[in-house]
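Just coords-v3.tsv here, TSV, N, CA, C and O atoms:
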```
chain	number	residue	atom	x	y	z
A	19	MET	N	100.09	171.60	169.27
A	19	MET	CA	100.07	170.24	169.77
A	19	MET	C	101.35	169.56	169.29
A	19	MET	O	101.58	169.46	168.10
A	20	PRO	N	102.17	169.09	170.21
A	20	PRO	CA	103.41	168.45	169.78
A	20	PRO	C	103.16	167.24	168.90
A	20	PRO	O	102.30	166.41	169.19
A	21	HIS	N	103.90	167.15	167.84
A	21	HIS	CA	103.74	166.05	166.87
A	21	HIS	C	103.99	164.69	167.52
A	21	HIS	O	103.34	163.71	167.19
A	22	GLU	N	104.93	164.62	168.49
A	22	GLU	CA	105.27	163.32	169.05
A	22	GLU	C	104.12	162.67	169.82
A	22	GLU	O	104.14	161.47	170.06
A	23	GLU	N	103.11	163.42	170.19
A	23	GLU	CA	101.96	162.86	170.87
A	23	GLU	C	101.03	162.14	169.89
A	23	GLU	O	100.25	161.30	170.29
A	24	LEU	N	101.11	162.49	168.63
A	24	LEU	CA	100.26	161.90	167.61
A	24	LEU	C	100.90	160.65	167.04
A	24	LEU	O	102.12	160.55	166.95
A	25	GLN	N	100.08	159.70	166.65
A	25	GLN	CA	100.58	158.49	166.00
A	25	GLN	C	100.79	158.72	164.51
A	25	GLN	O	101.58	158.02	163.88
A	26	GLU	N	100.09	159.68	163.96
A	26	GLU	CA	100.19	160.01	162.54
A	26	GLU	C	100.52	161.49	162.41
A	26	GLU	O	100.36	162.27	163.34
A	27	ALA	N	100.97	161.89	161.24
A	27	ALA	CA	101.29	163.29	160.99
A	27	ALA	C	100.02	164.13	161.11
A	27	ALA	O	98.96	163.74	160.60
A	28	ALA	N	100.14	165.26	161.78
A	28	ALA	CA	98.97	166.13	161.99
A	28	ALA	C	98.31	166.52	160.68
A	28	ALA	O	97.08	166.59	160.59
A	29	GLY	N	99.09	166.74	159.64
A	29	GLY	CA	98.55	167.11	158.35
A	29	GLY	C	97.72	166.02	157.68
A	29	GLY	O	96.92	166.30	156.79
A	30	ALA	N	97.90	164.79	158.12
A	30	ALA	CA	97.15	163.67	157.56
A	30	ALA	C	95.84	163.41	158.30
A	30	ALA	O	95.08	162.53	157.91
A	31	LEU	N	95.60	164.17	159.35
A	31	LEU	CA	94.42	163.93	160.19
A	31	LEU	C	93.42	165.07	160.05
A	31	LEU	O	93.80	166.24	160.06
A	32	PRO	N	92.13	164.74	159.97
A	32	PRO	CA	91.11	165.79	159.89
A	32	PRO	C	90.95	166.49	161.25
A	32	PRO	O	91.30	165.95	162.31
A	33	ALA	N	90.41	167.69	161.19
A	33	ALA	CA	90.23	168.51	162.40
A	33	ALA	C	89.46	167.79	163.51
A	33	ALA	O	89.87	167.87	164.67
A	34	PRO	N	88.37	167.06	163.21
A	34	PRO	CA	87.68	166.37	164.31
A	34	PRO	C	88.56	165.34	165.03
A	34	PRO	O	88.44	165.15	166.24
A	35	THR	N	89.44	164.68	164.29
A	35	THR	CA	90.35	163.71	164.90
A	35	THR	C	91.35	164.42	165.80
A	35	THR	O	91.66	163.94	166.90
A	36	LEU	N	91.85	165.56	165.35
A	36	LEU	CA	92.79	166.33	166.17
A	36	LEU	C	92.09	166.88	167.42
A	36	LEU	O	92.68	166.87	168.51
A	37	ASP	N	90.84	167.30	167.27
A	37	ASP	CA	90.11	167.77	168.45
A	37	ASP	C	89.89	166.63	169.44
A	37	ASP	O	90.01	166.82	170.65
A	38	MET	N	89.56	165.44	168.94
A	38	MET	CA	89.38	164.30	169.83
A	38	MET	C	90.70	163.98	170.54
A	38	MET	O	90.72	163.66	171.73
A	39	HIS	N	91.80	164.07	169.81
A	39	HIS	CA	93.11	163.86	170.43
A	39	HIS	C	93.34	164.86	171.55
A	39	HIS	O	93.83	164.49	172.63
A	40	ARG	N	92.99	166.10	171.30
A	40	ARG	CA	93.13	167.13	172.35
A	40	ARG	C	92.30	166.78	173.57
A	40	ARG	O	92.74	166.93	174.71
A	41	ALA	N	91.08	166.31	173.35
A	41	ALA	CA	90.20	165.95	174.46
A	41	ALA	C	90.76	164.76	175.23
A	41	ALA	O	90.75	164.75	176.46
A	42	VAL	N	91.26	163.75	174.50
A	42	VAL	CA	91.83	162.57	175.16
A	42	VAL	C	93.06	162.97	175.98
A	42	VAL	O	93.23	162.52	177.12
A	43	ALA	N	93.91	163.83	175.41
A	43	ALA	CA	95.09	164.29	176.14
A	43	ALA	C	94.69	165.07	177.39
A	43	ALA	O	95.26	164.87	178.47
A	44	ALA	N	93.71	165.95	177.26
A	44	ALA	CA	93.25	166.74	178.41
A	44	ALA	C	92.63	165.83	179.47
A	44	ALA	O	92.85	166.03	180.67
A	45	LEU	N	91.86	164.82	179.03
A	45	LEU	CA	91.27	163.87	179.97
A	45	LEU	C	92.36	163.13	180.73
A	45	LEU	O	92.30	162.99	181.96
A	46	SER	N	93.36	162.66	180.02
A	46	SER	CA	94.48	161.95	180.64
A	46	SER	C	95.19	162.84	181.65
A	46	SER	O	95.50	162.40	182.78
A	47	GLU	N	95.43	164.08	181.28
A	47	GLU	CA	96.09	165.02	182.19
A	47	GLU	C	95.24	165.28	183.43
A	47	GLU	O	95.76	165.33	184.55
A	48	ASN	N	93.94	165.44	183.25
A	48	ASN	CA	93.06	165.70	184.38
A	48	ASN	C	92.95	164.48	185.30
A	48	ASN	O	92.88	164.63	186.52
A	49	LEU	N	92.94	163.28	184.74
A	49	LEU	CA	92.90	162.08	185.56
A	49	LEU	C	94.19	161.94	186.37
A	49	LEU	O	94.15	161.58	187.56
A	50	ALA	N	95.33	162.23	185.75
A	50	ALA	CA	96.60	162.18	186.47
A	50	ALA	C	96.63	163.22	187.59
A	50	ALA	O	97.09	162.94	188.70
A	51	ALA	N	96.12	164.42	187.29
A	51	ALA	CA	96.07	165.47	188.32
A	51	ALA	C	95.14	165.08	189.45
A	51	ALA	O	95.43	165.33	190.63
A	52	LEU	N	94.03	164.46	189.12
A	52	LEU	CA	93.08	164.01	190.15
A	52	LEU	C	93.72	162.95	191.04
A	52	LEU	O	93.57	162.99	192.27
A	53	ASP	N	94.44	162.03	190.46
A	53	ASP	CA	95.13	161.00	191.24
A	53	ASP	C	96.14	161.64	192.19
A	53	ASP	O	96.17	161.32	193.38
A	54	ALA	N	96.96	162.54	191.66
A	54	ALA	CA	97.96	163.20	192.51
A	54	ALA	C	97.29	164.00	193.61
A	54	ALA	O	97.72	163.97	194.77
A	55	ASN	N	96.21	164.70	193.27
A	55	ASN	CA	95.51	165.50	194.26
A	55	ASN	C	94.89	164.62	195.34
A	55	ASN	O	94.93	164.95	196.53
A	56	ASN	N	94.30	163.48	194.95
A	56	ASN	CA	93.73	162.56	195.93
A	56	ASN	C	94.78	162.10	196.93
A	56	ASN	O	94.51	162.00	198.13
A	57	GLN	N	95.98	161.82	196.43
A	57	GLN	CA	97.06	161.41	197.31
A	57	GLN	C	97.43	162.53	198.28
A	57	GLN	O	97.66	162.28	199.47
A	58	ARG	N	97.48	163.75	197.76
A	58	ARG	CA	97.79	164.90	198.63
A	58	ARG	C	96.73	165.08	199.71
A	58	ARG	O	97.05	165.38	200.86
A	59	VAL	N	95.47	164.94	199.33
A	59	VAL	CA	94.38	165.07	200.31
A	59	VAL	C	94.55	164.04	201.42
A	59	VAL	O	94.42	164.36	202.61
A	60	GLU	N	94.82	162.81	201.04
A	60	GLU	CA	94.95	161.74	202.03
A	60	GLU	C	96.14	161.95	202.96
A	60	GLU	O	96.09	161.60	204.13
A	61	ALA	N	97.21	162.53	202.44
A	61	ALA	CA	98.42	162.73	203.25
A	61	ALA	C	98.41	164.03	204.03
A	61	ALA	O	99.18	164.19	204.97
A	62	CYS	N	97.54	164.95	203.65
A	62	CYS	CA	97.54	166.29	204.25
A	62	CYS	C	97.14	166.24	205.72
A	62	CYS	O	96.17	165.58	206.09
A	63	THR	N	97.86	167.00	206.54
A	63	THR	CA	97.56	167.05	207.97
A	63	THR	C	96.92	168.37	208.39
A	63	THR	O	96.38	168.46	209.48
A	64	ASP	N	96.96	169.38	207.53
A	64	ASP	CA	96.38	170.69	207.85
A	64	ASP	C	94.94	170.74	207.34
A	64	ASP	O	94.71	170.60	206.13
A	65	PRO	N	93.94	170.92	208.22
A	65	PRO	CA	92.54	170.89	207.80
A	65	PRO	C	92.17	171.93	206.74
A	65	PRO	O	91.41	171.64	205.82
A	66	GLU	N	92.73	173.13	206.85
A	66	GLU	CA	92.39	174.18	205.88
A	66	GLU	C	92.97	173.85	204.50
A	66	GLU	O	92.30	173.99	203.48
A	67	LEU	N	94.22	173.41	204.49
A	67	LEU	CA	94.83	173.01	203.21
A	67	LEU	C	94.08	171.83	202.62
A	67	LEU	O	93.84	171.77	201.42
A	68	ARG	N	93.65	170.92	203.47
A	68	ARG	CA	92.88	169.76	203.00
A	68	ARG	C	91.60	170.22	202.29
A	68	ARG	O	91.25	169.69	201.22
A	69	ARG	N	90.91	171.20	202.84
A	69	ARG	CA	89.69	171.72	202.20
A	69	ARG	C	90.00	172.34	200.84
A	69	ARG	O	89.25	172.17	199.88
A	70	VAL	N	91.12	173.06	200.76
A	70	VAL	CA	91.53	173.65	199.48
A	70	VAL	C	91.80	172.55	198.47
A	70	VAL	O	91.37	172.62	197.31
A	71	LEU	N	92.51	171.51	198.90
A	71	LEU	CA	92.83	170.41	197.99
A	71	LEU	C	91.58	169.64	197.57
A	71	LEU	O	91.47	169.22	196.41
A	72	VAL	N	90.64	169.45	198.49
A	72	VAL	CA	89.37	168.79	198.14
A	72	VAL	C	88.64	169.61	197.08
A	72	VAL	O	88.12	169.05	196.10
A	73	HIS	N	88.62	170.93	197.24
A	73	HIS	CA	87.98	171.81	196.25
A	73	HIS	C	88.67	171.66	194.89
A	73	HIS	O	88.01	171.58	193.85
A	74	ARG	N	89.99	171.60	194.91
A	74	ARG	CA	90.75	171.44	193.67
A	74	ARG	C	90.39	170.11	192.99
A	74	ARG	O	90.23	170.03	191.77
A	75	GLY	N	90.27	169.06	193.79
A	75	GLY	CA	89.89	167.76	193.24
A	75	GLY	C	88.50	167.77	192.64
A	75	GLY	O	88.25	167.16	191.60
A	76	ASP	N	87.57	168.49	193.29
A	76	ASP	CA	86.22	168.60	192.75
A	76	ASP	C	86.23	169.29	191.39
A	76	ASP	O	85.49	168.90	190.48
A	77	ALA	N	87.08	170.30	191.24
A	77	ALA	CA	87.20	170.99	189.95
A	77	ALA	C	87.73	170.04	188.88
A	77	ALA	O	87.25	170.04	187.74
A	78	ALA	N	88.71	169.21	189.25
A	78	ALA	CA	89.25	168.24	188.29
A	78	ALA	C	88.19	167.21	187.91
A	78	ALA	O	88.09	166.83	186.74
A	79	ARG	N	87.38	166.79	188.87
A	79	ARG	CA	86.30	165.84	188.57
A	79	ARG	C	85.31	166.44	187.58
A	79	ARG	O	84.85	165.77	186.66
A	80	LYS	N	84.98	167.70	187.77
A	80	LYS	CA	84.05	168.37	186.86
A	80	LYS	C	84.63	168.43	185.46
A	80	LYS	O	83.93	168.19	184.47
A	81	GLN	N	85.92	168.73	185.35
A	81	GLN	CA	86.57	168.78	184.04
A	81	GLN	C	86.58	167.41	183.39
A	81	GLN	O	86.33	167.29	182.18
A	82	VAL	N	86.85	166.35	184.16
A	82	VAL	CA	86.81	164.99	183.62
A	82	VAL	C	85.41	164.70	183.07
A	82	VAL	O	85.27	164.19	181.96
A	83	ALA	N	84.39	165.03	183.84
A	83	ALA	CA	83.01	164.77	183.40
A	83	ALA	C	82.68	165.55	182.12
A	83	ALA	O	82.07	165.00	181.20
A	84	MET	N	83.08	166.81	182.06
A	84	MET	CA	82.79	167.62	180.87
A	84	MET	C	83.52	167.07	179.65
A	84	MET	O	82.95	167.00	178.54
A	85	LEU	N	84.77	166.65	179.81
A	85	LEU	CA	85.51	166.09	178.69
A	85	LEU	C	84.89	164.78	178.21
A	85	LEU	O	84.74	164.57	177.00
A	86	LEU	N	84.51	163.93	179.15
A	86	LEU	CA	83.84	162.68	178.75
A	86	LEU	C	82.55	162.96	178.00
A	86	LEU	O	82.25	162.29	177.00
A	87	GLU	N	81.79	163.94	178.46
A	87	GLU	CA	80.54	164.27	177.77
A	87	GLU	C	80.81	164.82	176.38
A	87	GLU	O	80.12	164.47	175.41
A	88	TRP	N	81.82	165.67	176.25
A	88	TRP	CA	82.17	166.20	174.93
A	88	TRP	C	82.54	165.05	173.99
A	88	TRP	O	82.09	164.99	172.84
A	89	MET	N	83.35	164.12	174.50
A	89	MET	CA	83.78	162.98	173.70
A	89	MET	C	82.60	162.08	173.34
A	89	MET	O	82.47	161.62	172.20
A	90	ARG	N	81.72	161.84	174.31
A	90	ARG	CA	80.56	160.98	174.08
A	90	ARG	C	79.67	161.53	172.97
A	90	ARG	O	79.18	160.79	172.13
A	91	ARG	N	79.50	162.83	172.95
A	91	ARG	CA	78.64	163.46	171.95
A	91	ARG	C	79.20	163.36	170.54
A	91	ARG	O	78.47	163.52	169.56
A	92	ARG	N	80.49	163.12	170.43
A	92	ARG	CA	81.13	163.09	169.12
A	92	ARG	C	81.56	161.71	168.66
A	92	ARG	O	82.05	161.55	167.55
A	93	ASP	N	81.42	160.71	169.51
A	93	ASP	CA	81.85	159.35	169.17
A	93	ASP	C	80.69	158.40	169.47
A	93	ASP	O	80.44	158.06	170.63
A	94	ALA	N	80.01	157.98	168.44
A	94	ALA	CA	78.81	157.15	168.61
A	94	ALA	C	79.12	155.82	169.32
A	94	ALA	O	78.32	155.35	170.13
A	95	ARG	N	80.25	155.23	169.03
A	95	ARG	CA	80.58	153.96	169.68
A	95	ARG	C	80.91	154.17	171.16
A	95	ARG	O	80.52	153.34	172.00
A	96	LEU	N	81.58	155.26	171.48
A	96	LEU	CA	81.83	155.58	172.89
A	96	LEU	C	80.51	155.87	173.59
A	96	LEU	O	80.29	155.42	174.73
A	97	ASP	N	79.63	156.58	172.93
A	97	ASP	CA	78.29	156.86	173.48
A	97	ASP	C	77.59	155.56	173.85
A	97	ASP	O	77.06	155.41	174.95
A	98	LYS	N	77.62	154.60	172.95
A	98	LYS	CA	76.96	153.31	173.20
A	98	LYS	C	77.59	152.61	174.40
A	98	LYS	O	76.88	152.12	175.29
A	99	GLU	N	78.91	152.55	174.44
A	99	GLU	CA	79.59	151.85	175.54
A	99	GLU	C	79.33	152.53	176.88
A	99	GLU	O	79.11	151.85	177.88
A	100	LEU	N	79.34	153.86	176.90
A	100	LEU	CA	79.06	154.56	178.14
A	100	LEU	C	77.63	154.32	178.60
A	100	LEU	O	77.38	154.09	179.78
A	101	LYS	N	76.70	154.36	177.66
A	101	LYS	CA	75.29	154.11	178.01
A	101	LYS	C	75.09	152.69	178.50
A	101	LYS	O	74.27	152.44	179.39
A	102	ASP	N	75.84	151.74	177.95
A	102	ASP	CA	75.73	150.34	178.38
A	102	ASP	C	76.36	150.11	179.75
A	102	ASP	O	75.92	149.22	180.49
A	103	ALA	N	77.39	150.89	180.09
A	103	ALA	CA	78.18	150.58	181.29
A	103	ALA	C	77.87	151.46	182.50
A	103	ALA	O	78.04	151.00	183.63
A	104	LEU	N	77.44	152.69	182.29
A	104	LEU	CA	77.35	153.63	183.40
A	104	LEU	C	75.97	153.65	184.05
A	104	LEU	O	74.96	153.39	183.40
A	105	PHE	N	75.98	153.97	185.34
A	105	PHE	CA	74.75	154.22	186.11
A	105	PHE	C	73.82	153.01	186.13
A	105	PHE	O	72.61	153.15	186.07
A	106	LYS	N	74.40	151.83	186.21
A	106	LYS	CA	73.63	150.59	186.24
A	106	LYS	C	73.97	149.84	187.53
A	106	LYS	O	75.11	149.86	187.99
A	107	ALA	N	72.98	149.16	188.08
A	107	ALA	CA	73.22	148.28	189.22
A	107	ALA	C	73.79	146.96	188.70
A	107	ALA	O	73.73	146.66	187.52
A	108	GLY	N	74.34	146.18	189.59
A	108	GLY	CA	74.85	144.87	189.22
A	108	GLY	C	76.34	144.90	188.94
A	108	GLY	O	77.01	145.91	189.16
A	109	PRO	N	76.84	143.81	188.43
A	109	PRO	CA	78.29	143.71	188.20
A	109	PRO	C	78.76	144.68	187.12
A	109	PRO	O	78.04	144.95	186.16
A	110	ILE	N	79.93	145.18	187.33
A	110	ILE	CA	80.52	146.09	186.33
A	110	ILE	C	80.97	145.30	185.11
A	110	ILE	O	80.75	145.71	183.98
A	111	VAL	N	81.59	144.17	185.34
A	111	VAL	CA	82.08	143.35	184.24
A	111	VAL	C	80.98	142.34	183.88
A	111	VAL	O	80.56	141.53	184.69
A	112	ALA	N	80.51	142.46	182.67
A	112	ALA	CA	79.48	141.56	182.16
A	112	ALA	C	79.98	141.03	180.82
A	112	ALA	O	80.83	141.65	180.18
A	113	PRO	N	79.42	139.93	180.39
A	113	PRO	CA	79.86	139.42	179.08
A	113	PRO	C	79.52	140.42	177.98
A	113	PRO	O	78.39	140.90	177.91
A	114	TYR	N	80.51	140.77	177.21
A	114	TYR	CA	80.31	141.68	176.09
A	114	TYR	C	80.31	140.88	174.80
A	114	TYR	O	81.04	139.90	174.67
A	115	HIS	N	79.51	141.32	173.89
A	115	HIS	CA	79.45	140.68	172.58
A	115	HIS	C	79.94	141.68	171.55
A	115	HIS	O	79.23	142.61	171.21
A	116	TYR	N	81.17	141.49	171.12
A	116	TYR	CA	81.74	142.39	170.13
A	116	TYR	C	81.44	141.86	168.74
A	116	TYR	O	81.49	140.68	168.48
A	117	GLU	N	81.12	142.78	167.88
A	117	GLU	CA	80.82	142.40	166.49
A	117	GLU	C	82.00	142.68	165.62
A	117	GLU	O	82.80	143.48	165.83
```
Please express what this file holds, its structure, as structure tokens.
Amino acid sequence: MPHEELQEAAGALPAPTLDMHRAVAALSENLAALDANNQRVEACTDPELRRVLVHRGDAARKQVAMLLEWMRRRDARLDKELKDALFKAGPIVAPYHYE
């Protein structure tokens, strides 16, 4: 893992923090790939290539979901925020009370 991606020296960070960093980096990469792929799908004029690209996007979505789940299981505060925000009807933005 390149040192320049970390805010602190790798030797000063425990293994779980480095693993979380890896997950965050992978999530960021997968989201960027999903965005680029979505643009390609929208611009694509060949139906067969479009199906291939849609399949590729579905794989990226699955990876995003798996990474979020891995992160949620290891970060109690993220778990709480995801449980509070996801799969709910009504407005997405609601008044939050931070402690």
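Atom to atom, atom CA of Arg79 of chain A and atom CA of Pro34 of chain A stand 24.3 Å apart.
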Gap from atom O of Asp53 of chain A to atom CA of Pro65 of chain A - Å, one decimal: 17.7 Å
DSSP alpha helix (DSSP H) selection over chain A, as a ChimeraX atom specification: /A:33-61,65-92,94-103
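Reported to one decimal place, the separation of atom CA of Ile110 of chain A from atom CA of Met89 of chain A is 21.3 Å.
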Nearest residue to Ala51 of chain A from the set A:Leu86, A:Ala103, A:Arg74, A:Pro109 (distances using only N, CA, C and O atoms): A:Arg74
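Residues in contact with Leu100 of chain A at 12 Å, where only C-alpha atoms are counted and same-chain residues fewer than 3 positions away are skipped, are listed as A:Leu86, A:Glu87, A:Met89, A:Arg90, A:Arg91, A:Asp93, A:Ala94, A:Arg95, A:Leu96, A:Asp97, A:Ala103, A:Leu104, A:Phe105, A:Lys106, A:Ile110.
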Within 9 Å of Val72 of chain A, counting only C-alpha atoms, which residues show up once you throw out same-chain ones fewer than 5 positions away? Write them as a CSV table (one decimal) with N, CA, C and O atoms, in the coordinates of the input, please.
```csv
chain,number,residue,atom,x,y,z
A,55,ASN,N,96.2,164.7,193.3
A,55,ASN,CA,95.5,165.5,194.3
A,55,ASN,C,94.9,164.6,195.3
A,55,ASN,O,94.9,165.0,196.5
A,56,ASN,N,94.3,163.5,195.0
A,56,ASN,CA,93.7,162.6,195.9
A,56,ASN,C,94.8,162.1,196.9
A,56,ASN,O,94.5,162.0,198.1
A,59,VAL,N,95.5,164.9,199.3
A,59,VAL,CA,94.4,165.1,200.3
A,59,VAL,C,94.6,164.0,201.4
A,59,VAL,O,94.4,164.4,202.6
A,67,LEU,N,94.2,173.4,204.5
A,67,LEU,CA,94.8,173.0,203.2
A,67,LEU,C,94.1,171.8,202.6
A,67,LEU,O,93.8,171.8,201.4
A,77,ALA,N,87.1,170.3,191.2
A,77,ALA,CA,87.2,171.0,190.0
A,77,ALA,C,87.7,170.0,188.9
A,77,ALA,O,87.2,170.0,187.7
```
Within 7 Å of segment 42-50 of chain A using only C-alpha atoms, minus same-chain residues under 2 positions, as an MDAnalysis selection string: chainID A and resid 38:40 52:54 78 82 85
Size and centre in Å, one decimal, axis-aligned box, all listed segment 44-48 of chain A atoms plus 4 Å per side, as lines of an AutoDock Vina configuration file:
```
center_x = 93.7
center_y = 164.3
center_z = 181.9
size_x = 12.8
size_y = 12.8
size_z = 17.3
```
